[in-house]
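Let me begin by presenting the structure, written as structure tokens, before commenting on it.
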Amino acid sequence: MMLEIVKYGHPALRKKGESIAALTPEIKNLIVDMFETMAENHGVGLAAQQVGVAKQLAVIDVRDMTDRPSTLELDGQPADPATIMPLVLINPEITPVSEPVTGPEGCLSFPEIFADISRPGMVDVKALDGKGKPIAFRCGGLLARAIQHEKDHLNGVLFIDRMDKKTKAALQPELDALHAITKAELSQKK
Ligand code: ZN
């Protein structure tokens, strides 16, 4: 089932997600719906907050992004990132293992707004997968960027919080307009 993606200005985006204690049928359905919603919107990542659910859950799939490569290491050995796609991350923990690199980012909660963001180029990731099984890997490139972007969502942090001042100032009119539209839509629903 397609879910509504909430936009900047919606309070759900600022909520820290609760840790998931058990893979209930409700969570399993949410995962299926989040993948469907992400694919329909041509995203590479989607956090539960973006569909209005404040839980430590994100879905990722970078396979279509052939122009922006990803790297993966499993047990210290290089591996094809496709082997872990589509990727479910439950209660993820991330440790940066390299210097920051700058690259372009967008967000389904900020339609048509893009900016360069600096983030560690490579990270170690530990999480539970969609079956509740522990997974651990090291990744770089787009996958590392996407995972860090989604992990931020799970903490109520948005990519505008990571923009440098000049970039954010240039986008401020668009951000204010989006925020106002979202607030107006929310007040109509009440
Ligand atoms: Zn996002």
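Just so we're on the same page: first chain in the structure tokens is A, next is B, and so on; residues restart at 1 for each chain, and ligands are numbered from 1 in the order they show up.
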**Message:** Considering only alpha helix (DSSP H) as DSSP defines it on the backbone, what residues of chain A qualify? List them as a PyMOL selection string.
**Reply:** chain A and resi 25-40+141-154+165-189
Would you list the contacts of region 186-188 of chain A as a PDB file with N, CA and C atoms, in the first residue's frame, taking every protein, DNA or RNA residue within 10 Å and counting only C-alpha atoms, but skipping same-chain residues closer than 6 positions in sequence?
```
ATOM      1  N   GLY A   9       8.030  20.527   7.733  1.00  0.00           N
ATOM      2  CA  GLY A   9       7.010  21.290   8.448  1.00  0.00           C
ATOM      3  C   GLY A   9       6.094  20.364   9.241  1.00  0.00           C
ATOM      4  N   HIS A  10       6.089  19.060   8.842  1.00  0.00           N
ATOM      5  CA  HIS A  10       5.294  18.080   9.585  1.00  0.00           C
ATOM      6  C   HIS A  10       6.060  17.672  10.851  1.00  0.00           C
ATOM      7  N   PRO A  11       5.387  17.693  12.007  1.00  0.00           N
ATOM      8  CA  PRO A  11       6.095  17.423  13.266  1.00  0.00           C
ATOM      9  C   PRO A  11       6.730  16.031  13.347  1.00  0.00           C
ATOM     10  N   ALA A 180       5.453  26.417   5.016  1.00  0.00           N
ATOM     11  CA  ALA A 180       4.140  27.089   5.113  1.00  0.00           C
ATOM     12  C   ALA A 180       3.039  26.245   4.462  1.00  0.00           C
TER      13      ALA A 180
END
```
Give me the residues within 12 Å of Val53 (chain A) as a short mmCIF file (atom, residue, chain, number, x, y, z; two decimals) with all heavy atoms, in the first residue's frame, counting only C-alpha atoms and dropping any in the same chain fewer than 2 places off.
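This is the output file around13.cif:
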```cif
data_model
loop_
_atom_site.label_atom_id
_atom_site.label_comp_id
_atom_site.auth_asym_id
_atom_site.auth_seq_id
_atom_site.Cartn_x
_atom_site.Cartn_y
_atom_site.Cartn_z
N LEU A 3 1.99 4.83 0.91
CA LEU A 3 1.78 5.68 2.08
C LEU A 3 2.03 7.13 1.69
O LEU A 3 2.74 7.41 0.72
CB LEU A 3 2.75 5.27 3.19
CG LEU A 3 2.68 3.80 3.63
CD1 LEU A 3 3.82 3.48 4.59
CD2 LEU A 3 1.33 3.50 4.27
N GLU A 4 1.48 8.03 2.47
CA GLU A 4 1.74 9.45 2.24
C GLU A 4 3.09 9.83 2.85
O GLU A 4 3.37 9.49 4.00
CB GLU A 4 0.64 10.30 2.88
CG GLU A 4 0.76 11.77 2.52
CD GLU A 4 -0.02 12.68 3.47
OE1 GLU A 4 -0.86 12.17 4.24
OE2 GLU A 4 0.25 13.89 3.44
N ILE A 5 3.92 10.49 2.05
CA ILE A 5 5.20 10.97 2.58
C ILE A 5 4.99 12.35 3.16
O ILE A 5 4.51 13.25 2.46
CB ILE A 5 6.28 11.00 1.47
CG1 ILE A 5 6.55 9.57 0.99
CG2 ILE A 5 7.56 11.65 1.99
CD1 ILE A 5 7.59 9.47 -0.11
N VAL A 6 5.32 12.50 4.43
CA VAL A 6 5.13 13.81 5.05
C VAL A 6 6.27 14.75 4.64
O VAL A 6 7.40 14.32 4.42
CB VAL A 6 4.98 13.73 6.59
CG1 VAL A 6 3.82 12.81 6.96
CG2 VAL A 6 6.27 13.27 7.26
N HIS A 10 6.09 19.06 8.84
CA HIS A 10 5.29 18.08 9.59
C HIS A 10 6.06 17.67 10.85
O HIS A 10 7.24 17.34 10.78
CB HIS A 10 5.04 16.85 8.71
CG HIS A 10 3.97 15.95 9.27
ND1 HIS A 10 4.15 15.23 10.43
CD2 HIS A 10 2.71 15.68 8.84
CE1 HIS A 10 3.04 14.54 10.69
NE2 HIS A 10 2.15 14.80 9.74
N PRO A 11 5.39 17.69 12.01
CA PRO A 11 6.09 17.42 13.27
C PRO A 11 6.73 16.03 13.35
O PRO A 11 7.71 15.85 14.07
CB PRO A 11 5.01 17.60 14.34
CG PRO A 11 3.70 17.65 13.63
CD PRO A 11 3.97 18.07 12.22
N ALA A 12 6.20 15.05 12.60
CA ALA A 12 6.76 13.69 12.66
C ALA A 12 8.23 13.66 12.27
O ALA A 12 9.00 12.83 12.77
CB ALA A 12 5.97 12.75 11.74
N LEU A 13 8.63 14.57 11.38
CA LEU A 13 10.03 14.58 10.91
C LEU A 13 11.01 14.97 12.00
O LEU A 13 12.22 14.72 11.87
CB LEU A 13 10.18 15.53 9.72
CG LEU A 13 9.49 15.09 8.43
CD1 LEU A 13 9.63 16.18 7.37
CD2 LEU A 13 10.08 13.77 7.91
N ARG A 14 10.53 15.60 13.05
CA ARG A 14 11.43 16.04 14.13
C ARG A 14 11.40 15.11 15.34
O ARG A 14 11.97 15.40 16.37
CB ARG A 14 11.06 17.47 14.55
CG ARG A 14 11.47 18.52 13.51
CD ARG A 14 12.95 18.47 13.25
NE ARG A 14 13.46 19.58 12.43
CZ ARG A 14 14.73 19.66 12.03
NH1 ARG A 14 15.60 18.73 12.36
NH2 ARG A 14 15.13 20.66 11.30
N LYS A 15 10.69 13.97 15.19
CA LYS A 15 10.59 13.03 16.32
C LYS A 15 11.70 11.99 16.26
O LYS A 15 11.95 11.41 15.21
CB LYS A 15 9.23 12.33 16.30
CG LYS A 15 8.13 13.21 16.78
CD LYS A 15 6.87 12.38 17.03
CE LYS A 15 5.71 13.29 17.40
NZ LYS A 15 4.44 12.79 16.91
N LYS A 16 12.32 11.75 17.41
CA LYS A 16 13.31 10.68 17.49
C LYS A 16 12.56 9.35 17.50
O LYS A 16 11.56 9.19 18.20
CB LYS A 16 14.14 10.85 18.75
CG LYS A 16 15.26 9.83 18.88
CD LYS A 16 16.16 10.15 20.07
CE LYS A 16 16.99 8.96 20.48
NZ LYS A 16 18.00 8.52 19.52
N GLY A 17 13.03 8.39 16.71
CA GLY A 17 12.33 7.11 16.61
C GLY A 17 12.56 6.21 17.81
O GLY A 17 13.66 6.15 18.34
N GLU A 18 11.51 5.53 18.18
CA GLU A 18 11.61 4.52 19.25
C GLU A 18 12.30 3.29 18.71
O GLU A 18 12.07 2.88 17.57
CB GLU A 18 10.21 4.07 19.67
CG GLU A 18 9.54 4.91 20.70
CD GLU A 18 8.12 4.39 20.96
OE1 GLU A 18 7.91 3.16 20.95
OE2 GLU A 18 7.24 5.24 21.13
N SER A 19 13.10 2.67 19.56
CA SER A 19 13.74 1.41 19.21
C SER A 19 12.66 0.34 18.99
O SER A 19 11.63 0.34 19.65
CB SER A 19 14.65 1.03 20.37
OG SER A 19 15.25 -0.19 20.11
N ILE A 20 12.90 -0.56 18.02
CA ILE A 20 11.92 -1.61 17.72
C ILE A 20 12.30 -2.88 18.48
O ILE A 20 13.40 -3.41 18.30
CB ILE A 20 11.84 -1.86 16.20
CG1 ILE A 20 11.25 -0.62 15.51
CG2 ILE A 20 11.03 -3.12 15.88
CD1 ILE A 20 11.20 -0.68 14.01
N GLU A 26 2.61 -5.81 12.20
CA GLU A 26 2.43 -4.39 11.88
C GLU A 26 3.73 -3.80 11.30
O GLU A 26 3.70 -3.07 10.30
CB GLU A 26 2.04 -3.67 13.17
CG GLU A 26 1.64 -2.23 13.00
CD GLU A 26 1.50 -1.51 14.36
OE1 GLU A 26 1.96 -2.07 15.39
OE2 GLU A 26 0.96 -0.40 14.36
N ILE A 27 4.86 -4.12 11.92
CA ILE A 27 6.16 -3.62 11.43
C ILE A 27 6.48 -4.24 10.06
O ILE A 27 6.95 -3.55 9.15
CB ILE A 27 7.29 -3.96 12.43
CG1 ILE A 27 7.07 -3.23 13.77
CG2 ILE A 27 8.67 -3.62 11.84
CD1 ILE A 27 7.35 -1.75 13.76
N LEU A 30 4.54 -2.51 7.52
CA LEU A 30 5.09 -1.17 7.33
C LEU A 30 6.31 -1.20 6.40
O LEU A 30 6.45 -0.36 5.52
CB LEU A 30 5.45 -0.57 8.69
CG LEU A 30 6.08 0.83 8.69
CD1 LEU A 30 5.13 1.86 8.09
CD2 LEU A 30 6.47 1.24 10.11
N ILE A 31 7.16 -2.22 6.58
CA ILE A 31 8.36 -2.36 5.74
C ILE A 31 7.95 -2.54 4.27
O ILE A 31 8.49 -1.87 3.38
CB ILE A 31 9.22 -3.54 6.23
CG1 ILE A 31 9.86 -3.21 7.59
CG2 ILE A 31 10.31 -3.88 5.20
CD1 ILE A 31 10.52 -4.39 8.29
N MET A 34 6.63 0.71 2.98
CA MET A 34 7.69 1.72 2.81
C MET A 34 8.49 1.47 1.53
O MET A 34 8.84 2.41 0.82
CB MET A 34 8.61 1.75 4.04
CG MET A 34 7.98 2.49 5.23
SD MET A 34 8.95 2.37 6.75
CE MET A 34 10.46 3.21 6.28
N LEU A 46 14.20 5.66 2.62
CA LEU A 46 13.00 6.20 3.26
C LEU A 46 13.02 5.80 4.74
O LEU A 46 13.22 4.62 5.06
CB LEU A 46 11.74 5.67 2.58
CG LEU A 46 10.40 6.27 3.01
CD1 LEU A 46 10.29 7.74 2.59
CD2 LEU A 46 9.23 5.47 2.43
N ALA A 47 12.81 6.78 5.61
CA ALA A 47 12.77 6.52 7.05
C ALA A 47 11.32 6.50 7.52
O ALA A 47 10.46 7.16 6.92
CB ALA A 47 13.55 7.62 7.79
N ALA A 48 11.08 5.76 8.61
CA ALA A 48 9.71 5.64 9.12
C ALA A 48 9.09 7.00 9.44
O ALA A 48 7.90 7.23 9.19
CB ALA A 48 9.70 4.73 10.36
N GLN A 49 9.92 7.92 9.93
CA GLN A 49 9.41 9.28 10.23
C GLN A 49 8.76 9.92 9.00
O GLN A 49 7.84 10.72 9.12
CB GLN A 49 10.57 10.19 10.67
CG GLN A 49 10.89 10.14 12.14
CD GLN A 49 11.70 8.93 12.49
OE1 GLN A 49 11.90 8.03 11.69
NE2 GLN A 49 12.17 8.89 13.72
N GLN A 50 9.28 9.58 7.81
CA GLN A 50 8.77 10.20 6.59
C GLN A 50 7.38 9.70 6.21
O GLN A 50 6.73 10.28 5.33
CB GLN A 50 9.74 9.96 5.42
CG GLN A 50 11.06 10.72 5.62
CD GLN A 50 12.00 10.47 4.47
OE1 GLN A 50 12.69 9.47 4.46
NE2 GLN A 50 12.03 11.38 3.51
N VAL A 51 6.94 8.61 6.82
CA VAL A 51 5.55 8.18 6.65
C VAL A 51 4.80 8.34 7.97
O VAL A 51 3.78 7.69 8.21
CB VAL A 51 5.45 6.74 6.08
CG1 VAL A 51 5.97 6.70 4.64
CG2 VAL A 51 6.19 5.72 6.94
N LYS A 55 9.79 5.52 14.55
CA LYS A 55 10.44 4.28 14.97
C LYS A 55 11.80 4.18 14.30
O LYS A 55 12.04 4.81 13.27
CB LYS A 55 9.60 3.06 14.61
CG LYS A 55 8.33 2.94 15.41
CD LYS A 55 7.75 1.55 15.30
CE LYS A 55 6.37 1.46 15.93
NZ LYS A 55 6.36 1.74 17.37
N GLN A 56 12.69 3.34 14.87
CA GLN A 56 14.04 3.16 14.34
C GLN A 56 14.01 2.16 13.17
O GLN A 56 14.44 1.01 13.30
CB GLN A 56 14.99 2.66 15.44
CG GLN A 56 15.23 3.67 16.55
CD GLN A 56 16.14 4.81 16.11
OE1 GLN A 56 17.08 4.62 15.34
NE2 GLN A 56 15.86 6.01 16.60
N LEU A 57 13.48 2.64 12.05
CA LEU A 57 13.32 1.79 10.87
C LEU A 57 13.51 2.61 9.60
O LEU A 57 12.90 3.67 9.45
CB LEU A 57 11.91 1.17 10.87
CG LEU A 57 11.42 0.54 9.57
CD1 LEU A 57 12.25 -0.70 9.21
CD2 LEU A 57 9.94 0.17 9.68
N ALA A 58 14.38 2.11 8.71
CA ALA A 58 14.57 2.75 7.41
C ALA A 58 14.72 1.68 6.35
O ALA A 58 15.17 0.56 6.63
CB ALA A 58 15.79 3.66 7.42
N HIS A 153 17.30 10.91 9.95
CA HIS A 153 15.84 10.96 10.06
C HIS A 153 15.36 10.25 11.32
O HIS A 153 14.44 10.72 11.99
CB HIS A 153 15.18 10.27 8.86
CG HIS A 153 14.97 11.14 7.66
ND1 HIS A 153 14.22 12.29 7.68
CD2 HIS A 153 15.42 11.02 6.38
CE1 HIS A 153 14.21 12.84 6.47
NE2 HIS A 153 14.93 12.09 5.66
N LEU A 154 15.98 9.11 11.62
CA LEU A 154 15.54 8.31 12.77
C LEU A 154 15.77 9.07 14.08
O LEU A 154 15.16 8.77 15.10
CB LEU A 154 16.24 6.95 12.81
CG LEU A 154 16.08 6.09 11.54
CD1 LEU A 154 16.70 4.71 11.76
CD2 LEU A 154 14.62 5.95 11.14
N GLY A 156 15.37 12.42 14.12
CA GLY A 156 14.69 13.70 13.96
C GLY A 156 15.55 14.79 13.36
O GLY A 156 15.23 15.98 13.44
#
```
Once you count only C-alpha atoms and all ligand atoms, what closest atom pair and distance in Å to one decimal does each residue of chain A within 9 Å of ligand 1 have, with rows by chain and rising residue number, as a Markdown table?
```
| residue | atom | partner | partner_atom_place_in_ligand_line | distance |
| --- | --- | --- | --- | --- |
| A:Gly45 | CA | ligand 1 | 1 (Zn) | 7.2 |
| A:Leu46 | CA | ligand 1 | 1 (Zn) | 6.6 |
| A:Ala47 | CA | ligand 1 | 1 (Zn) | 7.2 |
| A:Gln50 | CA | ligand 1 | 1 (Zn) | 7.5 |
| A:Glu105 | CA | ligand 1 | 1 (Zn) | 8.6 |
| A:Gly106 | CA | ligand 1 | 1 (Zn) | 6.8 |
| A:Cys107 | CA | ligand 1 | 1 (Zn) | 3.8 |
| A:Leu108 | CA | ligand 1 | 1 (Zn) | 5.7 |
| A:Ser109 | CA | ligand 1 | 1 (Zn) | 6.0 |
| A:Phe110 | CA | ligand 1 | 1 (Zn) | 7.5 |
| A:Ala146 | CA | ligand 1 | 1 (Zn) | 8.5 |
| A:His149 | CA | ligand 1 | 1 (Zn) | 6.1 |
| A:Glu150 | CA | ligand 1 | 1 (Zn) | 6.2 |
| A:Asp152 | CA | ligand 1 | 1 (Zn) | 8.3 |
| A:His153 | CA | ligand 1 | 1 (Zn) | 6.5 |
| A:Leu158 | CA | ligand 1 | 1 (Zn) | 6.7 |
| A:Phe159 | CA | ligand 1 | 1 (Zn) | 6.9 |
```
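Among A:His42, A:Arg162, A:Arg138, A:Lys131, the residue with the shortest atom-to-atom distance to Pro78 (chain A), counting only C-alpha atoms, is A:Arg138.
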**Exercise: Gly130 (chain A) partners within 9 Å, only C-alpha atoms, chain neighbours under 6 positions left out, as number ranges by chain** = A: 23, 28, 31, 87-90
**Asked** If you run DSSP on the backbone, which residues of region 46-122 of chain A are strand (DSSP E), as a PyMOL selection string?
**Response** chain A and resi 46-47+57-60+70-74+77-79+87-96+100-107+110-120+122
**Item:** Given only C-alpha atoms as the counted atoms, nearest of A:Phe35, A:Asn91, A:Lys189, A:Pro81 to Lys133 (chain A)
**Value:** A:Asn91
